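For reference, work01.pdb is printed below; it contains PDB, C-alpha atoms, pLDDT in the B column.
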ATOM      1  CA  MET A   1     203.228  45.525  86.668  1.00 49.00           C
ATOM      2  CA  MET A   2     199.502  45.258  86.126  1.00 49.00           C
ATOM      3  CA  GLY A   3     198.560  43.382  82.990  1.00 51.00           C
ATOM      4  CA  PHE A   4     195.485  42.076  81.214  1.00 49.00           C
ATOM      5  CA  GLY A   5     192.398  41.217  83.243  1.00 54.00           C
ATOM      6  CA  GLY A   6     193.902  42.300  86.537  1.00 54.00           C
ATOM      7  CA  ARG A   7     196.749  39.817  86.306  1.00 55.00           C
ATOM      8  CA  PHE A   8     200.320  40.663  86.921  1.00 50.00           C
ATOM      9  CA  VAL A   9     202.590  40.322  83.904  1.00 49.00           C
ATOM     10  CA  ARG A  10     206.293  40.182  84.481  1.00 54.00           C
ATOM     11  CA  TRP A  11     208.493  42.227  82.142  1.00 47.00           C
ATOM     12  CA  PRO A  12     211.078  39.934  80.551  1.00 52.00           C
ATOM     13  CA  GLY A  13     213.930  42.402  81.075  1.00 55.00           C
ATOM     14  CA  TRP A  14     216.629  43.219  78.581  1.00 47.00           C
ATOM     15  CA  ARG A  15     217.248  39.578  77.578  1.00 52.00           C
ATOM     16  CA  GLY A  16     213.680  39.049  76.579  1.00 50.00           C
ATOM     17  CA  ALA A  17     213.567  42.370  74.755  1.00 47.00           C
ATOM     18  CA  ALA A  18     216.710  41.447  72.817  1.00 46.00           C
ATOM     19  CA  GLY A  19     215.117  38.147  71.809  1.00 48.00           C
ATOM     20  CA  VAL A  20     212.027  39.965  70.553  1.00 46.00           C
ATOM     21  CA  VAL A  21     214.204  42.367  68.527  1.00 45.00           C
ATOM     22  CA  ILE A  22     216.173  39.458  67.016  1.00 46.00           C
ATOM     23  CA  LEU A  23     212.970  37.589  66.178  1.00 43.00           C
ATOM     24  CA  MET A  24     211.435  40.682  64.556  1.00 47.00           C
ATOM     25  CA  GLY A  25     214.642  41.314  62.611  1.00 47.00           C
ATOM     26  CA  ALA A  26     214.637  37.746  61.311  1.00 47.00           C
ATOM     27  CA  LEU A  27     211.043  38.111  60.163  1.00 44.00           C
ATOM     28  CA  PHE A  28     211.526  41.432  58.380  1.00 48.00           C
ATOM     29  CA  PHE A  29     215.161  41.072  57.270  1.00 49.00           C
ATOM     30  CA  PRO A  30     215.782  37.441  56.289  1.00 51.00           C
ATOM     31  CA  ALA A  31     219.396  36.298  56.206  1.00 52.00           C
ATOM     32  CA  ARG A  32     221.077  36.379  52.835  1.00 54.00           C
ATOM     33  CA  ALA A  33     222.893  33.354  51.553  1.00 49.00           C
ATOM     34  CA  ALA A  34     226.669  33.544  51.703  1.00 44.00           C
ATOM     35  CA  PRO A  35     228.110  34.794  48.419  1.00 49.00           C
ATOM     36  CA  ALA A  36     229.147  32.035  46.064  1.00 50.00           C
ATOM     37  CA  PRO A  37     232.882  31.754  45.410  1.00 55.00           C
ATOM     38  CA  LEU A  38     233.996  33.730  42.366  1.00 77.00           C
ATOM     39  CA  ALA A  39     235.404  30.633  40.687  1.00 91.00           C
ATOM     40  CA  ALA A  40     237.041  27.346  41.585  1.00 94.00           C
ATOM     41  CA  ALA A  41     240.829  27.241  41.594  1.00 96.00           C
ATOM     42  CA  CYS A  42     242.426  26.523  38.228  1.00 97.00           C
ATOM     43  CA  ALA A  43     243.676  22.952  38.012  1.00 96.00           C
ATOM     44  CA  VAL A  44     246.562  21.413  36.108  1.00 95.00           C
ATOM     45  CA  ASP A  45     244.239  19.015  34.251  1.00 95.00           C
ATOM     46  CA  THR A  46     242.130  21.880  32.817  1.00 96.00           C
ATOM     47  CA  THR A  47     244.936  24.313  31.963  1.00 97.00           C
ATOM     48  CA  VAL A  48     248.012  24.408  29.788  1.00 97.00           C
ATOM     49  CA  VAL A  49     251.196  26.042  31.074  1.00 98.00           C
ATOM     50  CA  TRP A  50     253.569  27.366  28.437  1.00 97.00           C
ATOM     51  CA  LEU A  51     256.468  29.742  27.849  1.00 95.00           C
ATOM     52  CA  LYS A  52     255.041  32.852  26.258  1.00 91.00           C
ATOM     53  CA  ALA A  53     258.187  34.952  25.845  1.00 85.00           C
ATOM     54  CA  GLN A  54     261.833  35.129  26.800  1.00 85.00           C
ATOM     55  CA  GLN A  55     263.744  38.315  27.512  1.00 83.00           C
ATOM     56  CA  ASP A  56     267.435  38.507  28.231  1.00 70.00           C
ATOM     57  CA  ALA A  57     267.843  40.873  31.136  1.00 67.00           C
ATOM     58  CA  GLY A  58     271.604  40.863  30.919  1.00 71.00           C
ATOM     59  CA  ALA A  59     274.015  40.484  33.797  1.00 76.00           C
ATOM     60  CA  GLY A  60     273.654  36.721  33.691  1.00 84.00           C
ATOM     61  CA  SER A  61     269.910  36.261  33.947  1.00 89.00           C
ATOM     62  CA  SER A  62     266.984  35.671  31.613  1.00 91.00           C
ATOM     63  CA  TRP A  63     263.297  36.326  32.171  1.00 93.00           C
ATOM     64  CA  TYR A  64     260.488  34.128  30.886  1.00 94.00           C
ATOM     65  CA  THR A  65     256.826  35.052  30.785  1.00 96.00           C
ATOM     66  CA  VAL A  66     255.015  31.830  31.693  1.00 98.00           C
ATOM     67  CA  ALA A  67     251.346  31.709  30.662  1.00 98.00           C
ATOM     68  CA  ILE A  68     248.562  29.630  32.184  1.00 98.00           C
ATOM     69  CA  THR A  69     245.649  29.154  29.760  1.00 98.00           C
ATOM     70  CA  ASN A  70     242.261  27.889  30.956  1.00 98.00           C
ATOM     71  CA  LEU A  71     241.037  25.116  28.630  1.00 98.00           C
ATOM     72  CA  SER A  72     237.904  24.300  30.634  1.00 96.00           C
ATOM     73  CA  GLY A  73     234.412  25.560  29.868  1.00 96.00           C
ATOM     74  CA  ARG A  74     234.251  27.495  33.166  1.00 96.00           C
ATOM     75  CA  ARG A  75     236.212  30.339  34.588  1.00 96.00           C
ATOM     76  CA  CYS A  76     238.753  29.515  37.253  1.00 97.00           C
ATOM     77  CA  SER A  77     240.886  31.491  39.694  1.00 97.00           C
ATOM     78  CA  LEU A  78     244.568  31.760  40.561  1.00 97.00           C
ATOM     79  CA  ARG A  79     245.969  33.484  43.646  1.00 97.00           C
ATOM     80  CA  GLY A  80     249.546  33.659  44.790  1.00 97.00           C
ATOM     81  CA  TYR A  81     252.849  32.232  43.686  1.00 98.00           C
ATOM     82  CA  PRO A  82     253.372  29.149  41.530  1.00 98.00           C
ATOM     83  CA  GLY A  83     255.815  26.493  42.671  1.00 98.00           C
ATOM     84  CA  VAL A  84     258.638  26.100  40.154  1.00 98.00           C
ATOM     85  CA  SER A  85     261.704  23.894  40.065  1.00 98.00           C
ATOM     86  CA  ALA A  86     264.197  22.704  37.462  1.00 98.00           C
ATOM     87  CA  ILE A  87     264.151  19.003  36.568  1.00 98.00           C
ATOM     88  CA  ASP A  88     266.398  16.600  34.707  1.00 98.00           C
ATOM     89  CA  LEU A  89     265.343  14.039  32.067  1.00 97.00           C
ATOM     90  CA  ALA A  90     264.298  11.596  34.814  1.00 97.00           C
ATOM     91  CA  ARG A  91     262.091  14.355  36.300  1.00 97.00           C
ATOM     92  CA  ARG A  92     264.257  14.642  39.412  1.00 97.00           C
ATOM     93  CA  GLN A  93     264.547  18.124  40.894  1.00 98.00           C
ATOM     94  CA  LEU A  94     267.758  20.015  40.247  1.00 97.00           C
ATOM     95  CA  GLY A  95     268.866  22.547  42.836  1.00 96.00           C
ATOM     96  CA  ALA A  96     266.593  24.621  45.023  1.00 96.00           C
ATOM     97  CA  PRO A  97     262.998  25.451  44.094  1.00 97.00           C
ATOM     98  CA  ALA A  98     262.295  28.972  42.871  1.00 97.00           C
ATOM     99  CA  SER A  99     262.287  31.739  45.457  1.00 97.00           C
ATOM    100  CA  ARG A 100     259.532  34.379  45.492  1.00 97.00           C
ATOM    101  CA  ASN A 101     259.992  37.812  44.012  1.00 95.00           C
ATOM    102  CA  PRO A 102     257.527  40.202  45.751  1.00 94.00           C
ATOM    103  CA  ARG A 103     257.460  42.778  42.932  1.00 93.00           C
ATOM    104  CA  ASP A 104     253.686  42.416  42.342  1.00 93.00           C
ATOM    105  CA  PRO A 105     250.944  42.326  45.005  1.00 96.00           C
ATOM    106  CA  ILE A 106     249.038  39.076  45.494  1.00 97.00           C
ATOM    107  CA  ARG A 107     245.587  39.261  43.895  1.00 96.00           C
ATOM    108  CA  THR A 108     242.947  36.768  42.860  1.00 96.00           C
ATOM    109  CA  ILE A 109     243.028  36.458  39.078  1.00 97.00           C
ATOM    110  CA  LEU A 110     239.896  35.187  37.329  1.00 97.00           C
ATOM    111  CA  VAL A 111     240.665  33.333  34.107  1.00 97.00           C
ATOM    112  CA  ALA A 112     237.818  33.002  31.599  1.00 97.00           C
ATOM    113  CA  PRO A 113     237.521  29.915  29.392  1.00 98.00           C
ATOM    114  CA  GLY A 114     240.233  30.284  26.754  1.00 98.00           C
ATOM    115  CA  GLY A 115     241.823  33.148  28.718  1.00 98.00           C
ATOM    116  CA  SER A 116     245.266  33.305  30.252  1.00 98.00           C
ATOM    117  CA  ALA A 117     247.097  34.585  33.311  1.00 98.00           C
ATOM    118  CA  GLN A 118     250.865  34.773  33.660  1.00 98.00           C
ATOM    119  CA  PHE A 119     253.860  35.069  35.949  1.00 97.00           C
ATOM    120  CA  LEU A 120     257.489  35.958  35.430  1.00 96.00           C
ATOM    121  CA  LEU A 121     260.302  33.472  35.920  1.00 97.00           C
ATOM    122  CA  GLN A 122     263.859  34.715  36.327  1.00 95.00           C
ATOM    123  CA  LEU A 123     266.707  32.288  35.586  1.00 95.00           C
ATOM    124  CA  HIS A 124     270.191  33.134  36.824  1.00 93.00           C
ATOM    125  CA  ASP A 125     273.101  31.731  34.877  1.00 93.00           C
ATOM    126  CA  PRO A 126     274.667  29.017  37.063  1.00 93.00           C
ATOM    127  CA  GLY A 127     278.115  30.166  35.934  1.00 90.00           C
ATOM    128  CA  PHE A 128     277.816  33.134  38.302  1.00 89.00           C
ATOM    129  CA  TYR A 129     277.785  30.872  41.367  1.00 92.00           C
ATOM    130  CA  PRO A 130     280.783  29.053  42.861  1.00 93.00           C
ATOM    131  CA  LYS A 131     281.016  25.650  41.219  1.00 92.00           C
ATOM    132  CA  ALA A 132     281.208  23.864  44.587  1.00 92.00           C
ATOM    133  CA  SER A 133     277.852  25.307  45.768  1.00 93.00           C
ATOM    134  CA  CYS A 134     276.068  25.087  42.412  1.00 94.00           C
ATOM    135  CA  ASP A 135     277.497  22.171  40.395  1.00 95.00           C
ATOM    136  CA  PRO A 136     276.185  23.389  36.996  1.00 95.00           C
ATOM    137  CA  ALA A 137     274.017  21.035  34.949  1.00 96.00           C
ATOM    138  CA  THR A 138     271.543  21.251  32.064  1.00 97.00           C
ATOM    139  CA  ALA A 139     267.891  21.097  33.072  1.00 98.00           C
ATOM    140  CA  ALA A 140     265.417  19.353  30.774  1.00 98.00           C
ATOM    141  CA  GLY A 141     262.446  21.416  31.904  1.00 98.00           C
ATOM    142  CA  LEU A 142     260.423  23.082  34.604  1.00 98.00           C
ATOM    143  CA  ARG A 143     258.074  21.418  37.077  1.00 98.00           C
ATOM    144  CA  ILE A 144     255.310  23.942  37.750  1.00 98.00           C
ATOM    145  CA  TYR A 145     252.658  23.802  40.448  1.00 98.00           C
ATOM    146  CA  LEU A 146     249.819  26.271  40.047  1.00 98.00           C
ATOM    147  CA  PRO A 147     249.265  28.356  43.199  1.00 96.00           C
ATOM    148  CA  ASN A 148     247.753  26.266  46.005  1.00 90.00           C
ATOM    149  CA  ALA A 149     247.763  23.072  43.898  1.00 93.00           C
ATOM    150  CA  ALA A 150     249.061  19.626  44.842  1.00 93.00           C
ATOM    151  CA  SER A 151     249.809  18.334  41.340  1.00 95.00           C
ATOM    152  CA  ALA A 152     252.235  19.737  38.794  1.00 97.00           C
ATOM    153  CA  THR A 153     252.808  19.943  35.085  1.00 97.00           C
ATOM    154  CA  VAL A 154     256.111  19.838  33.234  1.00 97.00           C
ATOM    155  CA  VAL A 155     257.176  22.392  30.648  1.00 97.00           C
ATOM    156  CA  PRO A 156     260.068  21.050  28.563  1.00 97.00           C
ATOM    157  CA  VAL A 157     262.819  23.630  28.046  1.00 96.00           C
ATOM    158  CA  PRO A 158     266.580  23.086  28.340  1.00 96.00           C
ATOM    159  CA  PHE A 159     268.546  25.656  30.344  1.00 95.00           C
ATOM    160  CA  GLY A 160     271.547  25.971  32.626  1.00 95.00           C
ATOM    161  CA  ALA A 161     270.758  25.043  36.231  1.00 96.00           C
ATOM    162  CA  CYS A 162     272.426  24.334  39.540  1.00 96.00           C
ATOM    163  CA  SER A 163     272.203  20.673  40.487  1.00 96.00           C
ATOM    164  CA  ARG A 164     272.856  21.365  44.191  1.00 94.00           C
ATOM    165  CA  ARG A 165     270.373  22.954  46.565  1.00 91.00           C
ATOM    166  CA  GLY A 166     272.745  25.824  47.346  1.00 86.00           C
ATOM    167  CA  PRO A 167     271.886  29.072  45.592  1.00 90.00           C
ATOM    168  CA  ALA A 168     268.374  29.979  44.440  1.00 93.00           C
ATOM    169  CA  PHE A 169     268.900  30.406  40.705  1.00 95.00           C
ATOM    170  CA  LEU A 170     265.145  30.547  39.913  1.00 97.00           C
ATOM    171  CA  HIS A 171     262.791  33.326  41.058  1.00 97.00           C
ATOM    172  CA  VAL A 172     259.042  33.732  40.390  1.00 98.00           C
ATOM    173  CA  THR A 173     256.535  36.549  40.701  1.00 98.00           C
ATOM    174  CA  THR A 174     252.923  36.135  41.744  1.00 98.00           C
ATOM    175  CA  VAL A 175     250.357  35.320  39.075  1.00 98.00           C
ATOM    176  CA  THR A 176     249.027  38.414  37.284  1.00 97.00           C
ATOM    177  CA  ARG A 177     246.732  39.136  34.378  1.00 91.00           C
TER
END
Can you give me the file's structure in the form of structure tokens?
Amino acid sequence: MMGFGGRFVRWPGWRGAAGVVILMGALFFPARAAPAPLAAACAVDTTVVWLKAQQDAGAGSSWYTVAITNLSGRRCSLRGYPGVSAIDLARRQLGAPASRNPRDPIRTILVAPGGSAQFLLQLHDPGFYPKASCDPATAAGLRIYLPNAASATVVPVPFGACSRRGPAFLHVTTVTR
């Protein structure tokens, strides 16, 4: 190919053309910064977890609405299922941890300062299970891990529990608004 001043200029081919297009795109369409996360995960040390309401569902089970209130000055987020287990007075786990009830879809919940999110906790009466697999006991409270958290909080509440890891007598839903 004849170029400037009688010199031959070699065409860079498709690779060179692609580089020119990328360079031009970078000049005219600068990259945008990645979007900032909506909010940091809620933490046990900046929230309070409490029993908001109890409903007797009948047929040997009770439902509790468990609230998580953000006490920090910033919004935080919760996504997924909390970890819940029954504990005795020495804070040892009784029975199996709560199983997951998939009744609600998993969503990210943003909790404003002073705002709350919640989940449902179903407690089955241990008297409905064979004594040998359950070994009924009285729990002193609930150990609750917020979704995706490594530390827990304790909510004191006495209730009937299984002391053996046999049947799942606790069930939780995902965190909702």
A:Asp45, A:Arg92, A:Thr153, A:His124: which is nearest A:Trp63, counting all atoms listed in the file?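 Result for the nearest residue to A:Trp63: A:His124.
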Picked residues, the PyMOL selection byres ((chain A and resi 135-146) around 6), expected as a list in words: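 Evaluating the PyMOL selection byres ((chain A and resi 135-146) around 6) on this file yields Pro82, Gly83, Val84, Ser85, Ala86, Ile87, Asp88, Leu89, Pro126, Lys131, Ala132, Cys134, Pro147, Ala149, Ala152, Thr153, Val154, Val155, Pro156, Val157, Pro158, Phe159, Gly160, Ala161, Cys162 and Ser163 of chain A.
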Exercise: A:Ser77 partners within 6 Å, only C-alpha atoms, chain neighbours under 4 positions left out, as a short mmCIF file (atom, residue, chain, number, x, y, z; two decimals) with C-alpha atoms, in the coordinates of the input:
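Result written to around12.cif:
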data_model
loop_
_atom_site.label_atom_id
_atom_site.label_comp_id
_atom_site.auth_asym_id
_atom_site.auth_seq_id
_atom_site.Cartn_x
_atom_site.Cartn_y
_atom_site.Cartn_z
CA ALA A 39 235.40 30.63 40.69
CA ALA A 40 237.04 27.35 41.58
CA ALA A 41 240.83 27.24 41.59
CA CYS A 42 242.43 26.52 38.23
CA ILE A 109 243.03 36.46 39.08
CA LEU A 110 239.90 35.19 37.33
CA VAL A 111 240.66 33.33 34.11
#
Using only C-alpha atoms, which of A:Ala53, A:Val48, A:Val66, A:Ala59 sits nearest A:Leu120? A:Val66
What does the distance from atom CA of A:Arg103 to atom CA of A:Gly115 come to in Å, to one decimal?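 Atom-to-atom, atom CA of A:Arg103 to atom CA of A:Gly115, that is 23.2 Å.
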Work out how far atom CA of A:Thr46 is from atom CA of A:Gly114, in Å to one decimal. 10.5 Å
Please write as a ChimeraX atom specification the full residue list that the PyMOL selection byres ((chain A and resi 105) around 9) yields on this file. /A:80,102-104,106-107,174,176
Quote the spacing between atom CA of A:Val172 and atom CA of A:Leu38 in Å to one decimal place.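 Going from atom CA of A:Val172 over to atom CA of A:Leu38 covers 25.1 Å.
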Smallest atom-to-atom distance to A:Ser62: which of A:Tyr129, A:Arg164, A:Asn148, A:Leu123, using only C-alpha atoms?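 Nearest candidate to A:Ser62 out of A:Tyr129, A:Arg164, A:Asn148, A:Leu123: A:Leu123.
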So, counting only C-alpha atoms, which residue among A:Trp50, A:Tyr81, A:Tyr64, A:Phe169 is closest to A:Thr108?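 Smallest separation from A:Thr108 among the options: A:Tyr81.
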Output of the PyMOL selection byres ((chain A and resi 67) around 7), listed as a VMD selection string: chain A and resid 49 to 52 65 to 66 68 to 69 116 to 119
Nearest residue to A:Asn101 from the set A:Leu121, A:Asp56, A:Gly166, A:Pro113 (distances using all atoms listed in the file):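 Nearest to A:Asn101: A:Leu121.
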Go through A:Ser133, A:Ser151, A:Thr47, A:Thr173 and flag the residue nearest A:Arg74, using only C-alpha atoms for the distances. A:Thr47
